[in-house]
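Beneath this line is the structure, given in structure tokens, with notes to follow.
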Amino acid sequence: DLFHLNEKEEEEMQPYFLSPFKKNLEYFQFTHYTKDINFNILYSLCKDIFEDTIDFVSFSDKVLDHLFERSNHPQIKNGEIFIALFNDIDIGQETKISGIGIFKLENKNKFIRFRHSDIVECAIQKGFRLDSPIDKGCLILNTHKESGYRVLVHDDAKVESEYWKKSFLEVDYINDDSYQTKNYINLLSDFSQQVIFEEKGKKIQTEFISNCLQLFNENETITEEVLEKELLENYNAVNEFQTYKKDYSENTGIQFSEIFDVSSSALAREKRKIKTDIKLDTYIQIKLDINRPEASEDFLEQGYDDEKKMFYYKVFYNSEL
């Protein structure tokens with residue numbers, strides 16, 4: 001049977017299920033290895049429910065059967081599955097749309113429950129806290145049907161659970177501005193670590209990736225010409241980057257566009273992932289501000305001390321903050 005929520009329950013539970021997707025608006029779409037998305041089981045089921053050709057209980061049963069079939073690895077945890085039909089989801093468009101949420105809760109917490117009658121009783125029980133993140137979830141939005149819908153995916157595992165995204169959902173990234181922004185930054189970050197760092201050291205490598213992010217911040221559109229003139233030429237790395245990009249694309253299967261608009265949300269996400277700490281073997285760390293690439297150039301010097309036979313960094317400043 002359907003489980004209907006009263007108004008108070010809906011107010012409590014809806015933010016619990018939907019809040020993970022507000023933090024990460026990175027869209028995927030259903031795919032299938034045959035290139036015909038109609039063979040994707042979840043895509044076909046969602047199309048049936050959106051077109052009202054299947055009742056919601058039957059739809060939920062089939063989704064659960066599909067998840068059970070794809071959860072045969074011994075390390076996959078048991079859990080509780082919630083399947084919900086949402087109306088009027090606001091994703092920043094002119095009109096609100098419907099969507100389907102599939103959520104898996106795996107990690108229960110212990111809590112004390114009290115009963116008050118003639119005497120006070122208490123029992124230790126297990127359940128799910130509404131102030132803790134859901135373990136796994138997806139939100140399928142009723143838009144862009146022909147290309148595989150728009151799908152938001154959440155996985156709270158430290159290491160992404162392959163079965164959830166690839167085996168159960170069978171989704172892939174959408175090659176849009178967000179996709180290009182994310183992958184170009186990853187490419188440039190890898191290039192800075194594998195090439196710039198090896199040739200010029202940590203200080204220059206940090207300057208390079210900081211200048212890269214500043215370039216993305218200051219330009220609405222990125223082209224190969226902009227990358228070369230405003231970043232790569234400053235490090236005499238144009239040819240090396242083109243070779244590295246070609247090999248990177250072949251190894252990862254990522255298709256890079258020659259021109260794309262910068263996605264501010266993707267830029268913010270990737271910026272948080274980049275580390276600019278200089279860790280030294282003398283148990284000292286220097287943390288550089290990724291948003292101020294000129295700081296390391298103006299106020300940080302690197303050299304070698306002949307007397308101590310050791311490298312050193314010299315830091316200039318006016319006052320401690």
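Each chain in the structure tokens gets a letter, A, B, ..., in the order shown, and its residues are numbered from 1; ligands are numbered from 1 in order too.
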Task: All strand (DSSP E or B) positions in range 9-249 of chain A, as a PyMOL selection string - done: chain A and resi 27-30+80-89+97-105+109-116+120-127+136-141+150-155+171-173+221-223
For the selection just defined, write its residues with C-alpha atoms to a file, as a short mmCIF file (atom, residue, chain, number, x, y, z; two decimals), in the first residue's frame.
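The resulting file, part04.cif, is shown below:
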```
data_model
loop_
_atom_site.label_atom_id
_atom_site.label_comp_id
_atom_site.auth_asym_id
_atom_site.auth_seq_id
_atom_site.Cartn_x
_atom_site.Cartn_y
_atom_site.Cartn_z
CA TYR A 27 23.29 16.39 -13.28
CA PHE A 28 23.55 12.91 -14.76
CA GLN A 29 21.41 11.12 -17.33
CA PHE A 30 20.37 7.49 -17.82
CA GLU A 80 15.72 0.48 4.25
CA ILE A 81 14.50 1.71 0.87
CA PHE A 82 12.22 4.72 0.48
CA ILE A 83 10.66 5.48 -2.89
CA ALA A 84 8.77 8.76 -3.19
CA LEU A 85 6.89 10.71 -5.85
CA PHE A 86 7.44 14.46 -5.56
CA ASN A 87 5.38 17.23 -7.09
CA ASP A 88 6.44 20.83 -7.73
CA ILE A 89 10.20 20.46 -7.26
CA ILE A 97 8.46 19.82 -12.09
CA SER A 98 7.69 16.37 -10.72
CA GLY A 99 10.32 13.86 -9.75
CA ILE A 100 10.97 10.43 -8.27
CA GLY A 101 13.21 9.92 -5.28
CA ILE A 102 14.89 6.60 -4.43
CA PHE A 103 16.70 6.56 -1.10
CA LYS A 104 18.62 3.86 0.73
CA LEU A 105 19.36 4.18 4.46
CA ASN A 109 21.86 4.83 15.24
CA LYS A 110 20.95 3.79 18.76
CA PHE A 111 18.54 6.00 20.68
CA ILE A 112 16.54 5.83 23.92
CA ARG A 113 12.77 5.87 23.75
CA PHE A 114 10.71 6.66 26.86
CA ARG A 115 7.13 5.60 27.61
CA HIS A 116 5.12 7.36 30.30
CA VAL A 120 8.27 5.38 33.35
CA GLU A 121 9.80 2.86 30.95
CA CYS A 122 12.67 3.23 28.53
CA ALA A 123 14.12 1.06 25.78
CA ILE A 124 17.18 1.29 23.57
CA GLN A 125 16.16 1.09 19.93
CA LYS A 126 17.81 1.55 16.54
CA GLY A 127 16.68 3.93 13.85
CA LYS A 136 22.45 6.82 -0.85
CA GLY A 137 19.85 8.49 -2.98
CA CYS A 138 18.85 9.72 -6.39
CA LEU A 139 16.32 12.22 -7.65
CA ILE A 140 14.99 11.65 -11.18
CA LEU A 141 13.47 14.84 -12.61
CA ARG A 150 18.01 14.70 -15.48
CA VAL A 151 19.24 12.69 -12.49
CA LEU A 152 20.84 13.92 -9.26
CA VAL A 153 22.88 11.31 -7.38
CA HIS A 154 24.02 11.19 -3.76
CA ASP A 155 26.38 8.70 -2.13
CA VAL A 171 23.88 6.98 -15.27
CA ASP A 172 26.66 9.05 -16.74
CA TYR A 173 27.73 12.70 -16.71
CA THR A 221 33.98 31.63 -21.44
CA ILE A 222 37.13 29.53 -21.75
CA THR A 223 38.76 28.79 -25.09
#
```
Task: Within 12 Å of Leu213 in chain A using only C-alpha atoms, minus same-chain residues under 6 positions, as a ChimeraX atom specification - done: /A:181-182,184-186,188-189,206-207,219,222,227,230-231,262,264,266-272,274,289-293
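Taking CA of Glu240 in chain A as the reference point, CA of Glu198 in chain A is found at 12.7 Å.
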Task: Between CA of Leu187 in chain A and CA of Phe256 in chain A - distance in Å to one decimal - done: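 Interatomic distance here is 9.9 Å.
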TODO: Skip Pro133 in chain A itself and residues of its chain fewer than 6 positions away, then list as a ChimeraX atom specification all residues within 8 Å of it, counting only C-alpha atoms.
DONE: /A:16,20,156
Write the residues of the preceding selection, restricted to all heavy atoms, as an mmCIF file, in the first residue's frame.
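Now in part04.cif:
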```cif
data_model
loop_
_atom_site.group_PDB
_atom_site.id
_atom_site.type_symbol
_atom_site.label_atom_id
_atom_site.label_comp_id
_atom_site.auth_asym_id
_atom_site.auth_seq_id
_atom_site.Cartn_x
_atom_site.Cartn_y
_atom_site.Cartn_z
ATOM 1 N N TYR A 16 14.972 16.196 4.851
ATOM 2 C CA TYR A 16 15.909 15.104 5.126
ATOM 3 C C TYR A 16 16.319 14.397 3.836
ATOM 4 O O TYR A 16 17.501 14.112 3.608
ATOM 5 C CB TYR A 16 15.249 14.123 6.099
ATOM 6 C CG TYR A 16 16.022 12.843 6.347
ATOM 7 C CD1 TYR A 16 17.297 12.866 6.896
ATOM 8 C CD2 TYR A 16 15.455 11.607 6.043
ATOM 9 C CE1 TYR A 16 17.996 11.694 7.131
ATOM 10 C CE2 TYR A 16 16.148 10.427 6.276
ATOM 11 C CZ TYR A 16 17.417 10.480 6.819
ATOM 12 O OH TYR A 16 18.105 9.314 7.050
ATOM 13 N N PRO A 20 20.527 16.732 0.500
ATOM 14 C CA PRO A 20 21.816 16.386 -0.122
ATOM 15 C C PRO A 20 21.945 16.876 -1.558
ATOM 16 O O PRO A 20 23.050 17.160 -2.020
ATOM 17 C CB PRO A 20 21.839 14.849 -0.069
ATOM 18 C CG PRO A 20 20.915 14.490 1.042
ATOM 19 C CD PRO A 20 19.839 15.524 1.013
ATOM 20 N N ASP A 156 26.930 8.885 0.210
ATOM 21 C CA ASP A 156 27.647 9.426 1.362
ATOM 22 C C ASP A 156 28.886 8.609 1.711
ATOM 23 O O ASP A 156 29.597 8.950 2.646
ATOM 24 C CB ASP A 156 26.713 9.482 2.591
ATOM 25 C CG ASP A 156 27.210 10.481 3.629
ATOM 26 O OD1 ASP A 156 27.569 11.598 3.239
ATOM 27 O OD2 ASP A 156 27.247 10.134 4.824
#
```
Task: Non-local contacts of Phe68 in chain A (12 Å; only C-alpha atoms; under 3 positions in same chain excluded) as a list in words - done: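 Answer for this query is Asp61, Lys62, Val63, Leu64, Asp65, Ser71, Asn72, His73, Ile76, Lys77, Asn78, Gly79, Glu80, Ile81, Lys104, Tyr163, Trp164, Ser167 and Phe168 of chain A.
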File of the preceding selection, N, CA and C atoms, as a PDB file, in the first residue's frame:
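Below is the file result19.pdb, written as the result:
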```pdb
ATOM      1  N   ASP A  61       7.763  -1.787  -6.473  1.00  0.00           N
ATOM      2  CA  ASP A  61       8.156  -3.194  -6.398  1.00  0.00           C
ATOM      3  C   ASP A  61       9.233  -3.524  -7.432  1.00  0.00           C
ATOM      4  N   LYS A  62       9.033  -3.022  -8.650  1.00  0.00           N
ATOM      5  CA  LYS A  62       9.978  -3.317  -9.727  1.00  0.00           C
ATOM      6  C   LYS A  62      11.330  -2.633  -9.478  1.00  0.00           C
ATOM      7  N   VAL A  63      11.306  -1.421  -8.934  1.00  0.00           N
ATOM      8  CA  VAL A  63      12.553  -0.723  -8.596  1.00  0.00           C
ATOM      9  C   VAL A  63      13.313  -1.511  -7.534  1.00  0.00           C
ATOM     10  N   LEU A  64      12.584  -1.989  -6.521  1.00  0.00           N
ATOM     11  CA  LEU A  64      13.219  -2.753  -5.441  1.00  0.00           C
ATOM     12  C   LEU A  64      13.798  -4.063  -5.963  1.00  0.00           C
ATOM     13  N   ASP A  65      13.068  -4.749  -6.849  1.00  0.00           N
ATOM     14  CA  ASP A  65      13.581  -5.991  -7.448  1.00  0.00           C
ATOM     15  C   ASP A  65      14.881  -5.721  -8.213  1.00  0.00           C
ATOM     16  N   SER A  71      22.559  -5.836  -6.159  1.00  0.00           N
ATOM     17  CA  SER A  71      23.205  -5.698  -4.837  1.00  0.00           C
ATOM     18  C   SER A  71      23.720  -7.044  -4.330  1.00  0.00           C
ATOM     19  N   ASN A  72      24.324  -7.830  -5.228  1.00  0.00           N
ATOM     20  CA  ASN A  72      24.716  -9.188  -4.857  1.00  0.00           C
ATOM     21  C   ASN A  72      26.137  -9.300  -4.318  1.00  0.00           C
ATOM     22  N   HIS A  73      26.862  -8.173  -4.212  1.00  0.00           N
ATOM     23  CA  HIS A  73      28.213  -8.234  -3.656  1.00  0.00           C
ATOM     24  C   HIS A  73      28.126  -8.347  -2.141  1.00  0.00           C
ATOM     25  N   ILE A  76      28.013  -5.171   0.136  1.00  0.00           N
ATOM     26  CA  ILE A  76      26.910  -4.211   0.060  1.00  0.00           C
ATOM     27  C   ILE A  76      26.018  -4.379   1.278  1.00  0.00           C
ATOM     28  N   LYS A  77      25.758  -3.287   1.982  1.00  0.00           N
ATOM     29  CA  LYS A  77      25.010  -3.344   3.223  1.00  0.00           C
ATOM     30  C   LYS A  77      23.513  -3.493   2.983  1.00  0.00           C
ATOM     31  N   ASN A  78      22.849  -4.117   3.972  1.00  0.00           N
ATOM     32  CA  ASN A  78      21.391  -4.098   3.981  1.00  0.00           C
ATOM     33  C   ASN A  78      20.921  -2.690   4.316  1.00  0.00           C
ATOM     34  N   GLY A  79      19.632  -2.445   4.151  1.00  0.00           N
ATOM     35  CA  GLY A  79      19.116  -1.123   4.481  1.00  0.00           C
ATOM     36  C   GLY A  79      17.628  -1.024   4.255  1.00  0.00           C
ATOM     37  N   GLU A  80      17.131   0.168   4.483  1.00  0.00           N
ATOM     38  CA  GLU A  80      15.723   0.477   4.252  1.00  0.00           C
ATOM     39  C   GLU A  80      15.626   1.319   2.979  1.00  0.00           C
ATOM     40  N   ILE A  81      14.670   0.988   2.129  1.00  0.00           N
ATOM     41  CA  ILE A  81      14.497   1.706   0.868  1.00  0.00           C
ATOM     42  C   ILE A  81      13.229   2.552   0.930  1.00  0.00           C
ATOM     43  N   LYS A 104      18.249   5.037  -0.033  1.00  0.00           N
ATOM     44  CA  LYS A 104      18.623   3.863   0.733  1.00  0.00           C
ATOM     45  C   LYS A 104      19.310   4.309   2.020  1.00  0.00           C
ATOM     46  N   TYR A 163      28.246   0.184  -7.349  1.00  0.00           N
ATOM     47  CA  TYR A 163      26.997  -0.492  -7.716  1.00  0.00           C
ATOM     48  C   TYR A 163      25.829   0.484  -7.773  1.00  0.00           C
ATOM     49  N   TRP A 164      25.858   1.530  -6.958  1.00  0.00           N
ATOM     50  CA  TRP A 164      24.713   2.446  -6.889  1.00  0.00           C
ATOM     51  C   TRP A 164      24.593   3.269  -8.170  1.00  0.00           C
ATOM     52  N   SER A 167      25.804   0.366 -11.642  1.00  0.00           N
ATOM     53  CA  SER A 167      25.085  -0.879 -11.863  1.00  0.00           C
ATOM     54  C   SER A 167      23.580  -0.708 -11.685  1.00  0.00           C
ATOM     55  N   PHE A 168      23.178  -0.047 -10.603  1.00  0.00           N
ATOM     56  CA  PHE A 168      21.751   0.135 -10.330  1.00  0.00           C
ATOM     57  C   PHE A 168      21.148   1.251 -11.191  1.00  0.00           C
TER      58      PHE A 168
END
```
Task: For range 40-49 of chain A: contacts at 9 Å, only C-alpha atoms, fewer than 2 positions along chain excluded, given as a VMD selection string - done: chain A and resid 30 to 33 36 to 38 51 to 56 59 62 to 63 66 100 140 142 145 148 to 149 168 to 170
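We find CA of Phe17 in chain A and CA of Ile134 in chain A to be spaced 6.9 Å apart.
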Show me a table, sorted first by chain and then by increasing residue number, of the residues of range 168-221 of chain A having an atom at most 12 Å from range 297-312 of chain A, each with its shortest atom pair and the distance in Å to one decimal, counting only C-alpha atoms and written as a Markdown table.
```
| residue | atom | partner | partner_atom | distance |
| --- | --- | --- | --- | --- |
| A:Lys200 | CA | A:Gln302 | CA | 11.4 |
| A:Gly201 | CA | A:Gln302 | CA | 9.8 |
| A:Lys202 | CA | A:Gln302 | CA | 10.1 |
| A:Lys203 | CA | A:Gln302 | CA | 8.1 |
| A:Ile204 | CA | A:Glu297 | CA | 8.4 |
| A:Gln205 | CA | A:Glu297 | CA | 11.4 |
| A:Thr206 | CA | A:Glu297 | CA | 10.0 |
| A:Glu207 | CA | A:Glu297 | CA | 7.4 |
| A:Phe208 | CA | A:Glu297 | CA | 10.7 |
| A:Ser210 | CA | A:Glu297 | CA | 11.1 |
| A:Asn211 | CA | A:Glu297 | CA | 11.1 |
```
Expected file: the selected residues, N, CA and C atoms, as an mmCIF file, in the first residue's frame:
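Saved the output as out-v1.cif:
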```cif
data_model
loop_
_atom_site.group_PDB
_atom_site.id
_atom_site.type_symbol
_atom_site.label_atom_id
_atom_site.label_comp_id
_atom_site.auth_asym_id
_atom_site.auth_seq_id
_atom_site.Cartn_x
_atom_site.Cartn_y
_atom_site.Cartn_z
ATOM 1 N N LYS A 200 59.411 22.240 -11.965
ATOM 2 C CA LYS A 200 59.632 23.553 -11.360
ATOM 3 C C LYS A 200 59.433 23.591 -9.848
ATOM 4 N N GLY A 201 58.932 22.504 -9.246
ATOM 5 C CA GLY A 201 58.786 22.476 -7.801
ATOM 6 C C GLY A 201 57.393 22.862 -7.317
ATOM 7 N N LYS A 202 57.202 22.687 -5.998
ATOM 8 C CA LYS A 202 55.882 22.866 -5.394
ATOM 9 C C LYS A 202 55.409 24.311 -5.442
ATOM 10 N N LYS A 203 56.282 25.266 -5.218
ATOM 11 C CA LYS A 203 55.887 26.670 -5.200
ATOM 12 C C LYS A 203 55.301 27.082 -6.551
ATOM 13 N N ILE A 204 55.986 26.761 -7.627
ATOM 14 C CA ILE A 204 55.513 27.129 -8.966
ATOM 15 C C ILE A 204 54.252 26.337 -9.319
ATOM 16 N N GLN A 205 54.198 25.084 -8.889
ATOM 17 C CA GLN A 205 53.004 24.274 -9.152
ATOM 18 C C GLN A 205 51.775 24.879 -8.484
ATOM 19 N N THR A 206 51.948 25.374 -7.247
ATOM 20 C CA THR A 206 50.838 26.007 -6.538
ATOM 21 C C THR A 206 50.429 27.304 -7.216
ATOM 22 N N GLU A 207 51.420 28.086 -7.672
ATOM 23 C CA GLU A 207 51.121 29.306 -8.422
ATOM 24 C C GLU A 207 50.321 28.978 -9.679
ATOM 25 N N PHE A 208 50.739 27.910 -10.358
ATOM 26 C CA PHE A 208 50.085 27.534 -11.618
ATOM 27 C C PHE A 208 48.608 27.225 -11.397
ATOM 28 N N SER A 210 46.702 28.019 -8.882
ATOM 29 C CA SER A 210 46.013 29.204 -8.381
ATOM 30 C C SER A 210 45.679 30.156 -9.520
ATOM 31 N N ASN A 211 46.633 30.357 -10.429
ATOM 32 C CA ASN A 211 46.387 31.205 -11.594
ATOM 33 C C ASN A 211 45.334 30.592 -12.519
#
```
Task: Which of A:Asn236, A:Ser319, A:Ser147, A:Ser265 sits closest to Lys35 in chain A [using only C-alpha atoms] - done: A:Ser147
Open item on the list: I need the residues of range 123-259 of chain A that end up classed as alpha helix (DSSP H) by DSSP on the backbone, written out as a PyMOL selection string.
Closed with: chain A and resi 162+177-191+197-200+202-218+224-230+238-252
Name the residues in contact with Asn175 in chain A at a cut-off of 9 Å, using only C-alpha atoms, excluding same-chain residues fewer than 4 positions from it; report them as a short mmCIF file (atom, residue, chain, number, x, y, z; two decimals) with C-alpha atoms, in the first residue's frame.
```cif
data_model
loop_
_atom_site.label_atom_id
_atom_site.label_comp_id
_atom_site.auth_asym_id
_atom_site.auth_seq_id
_atom_site.Cartn_x
_atom_site.Cartn_y
_atom_site.Cartn_z
CA TYR A 179 31.10 18.74 -17.15
CA GLN A 180 33.68 20.75 -19.12
CA GLN A 255 35.88 14.62 -24.49
#
```
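With distances restricted to only C-alpha atoms, A:Thr276 is the closest residue to Gln193 in chain A from A:Thr34, A:Thr276, A:Ser132, A:Thr243.
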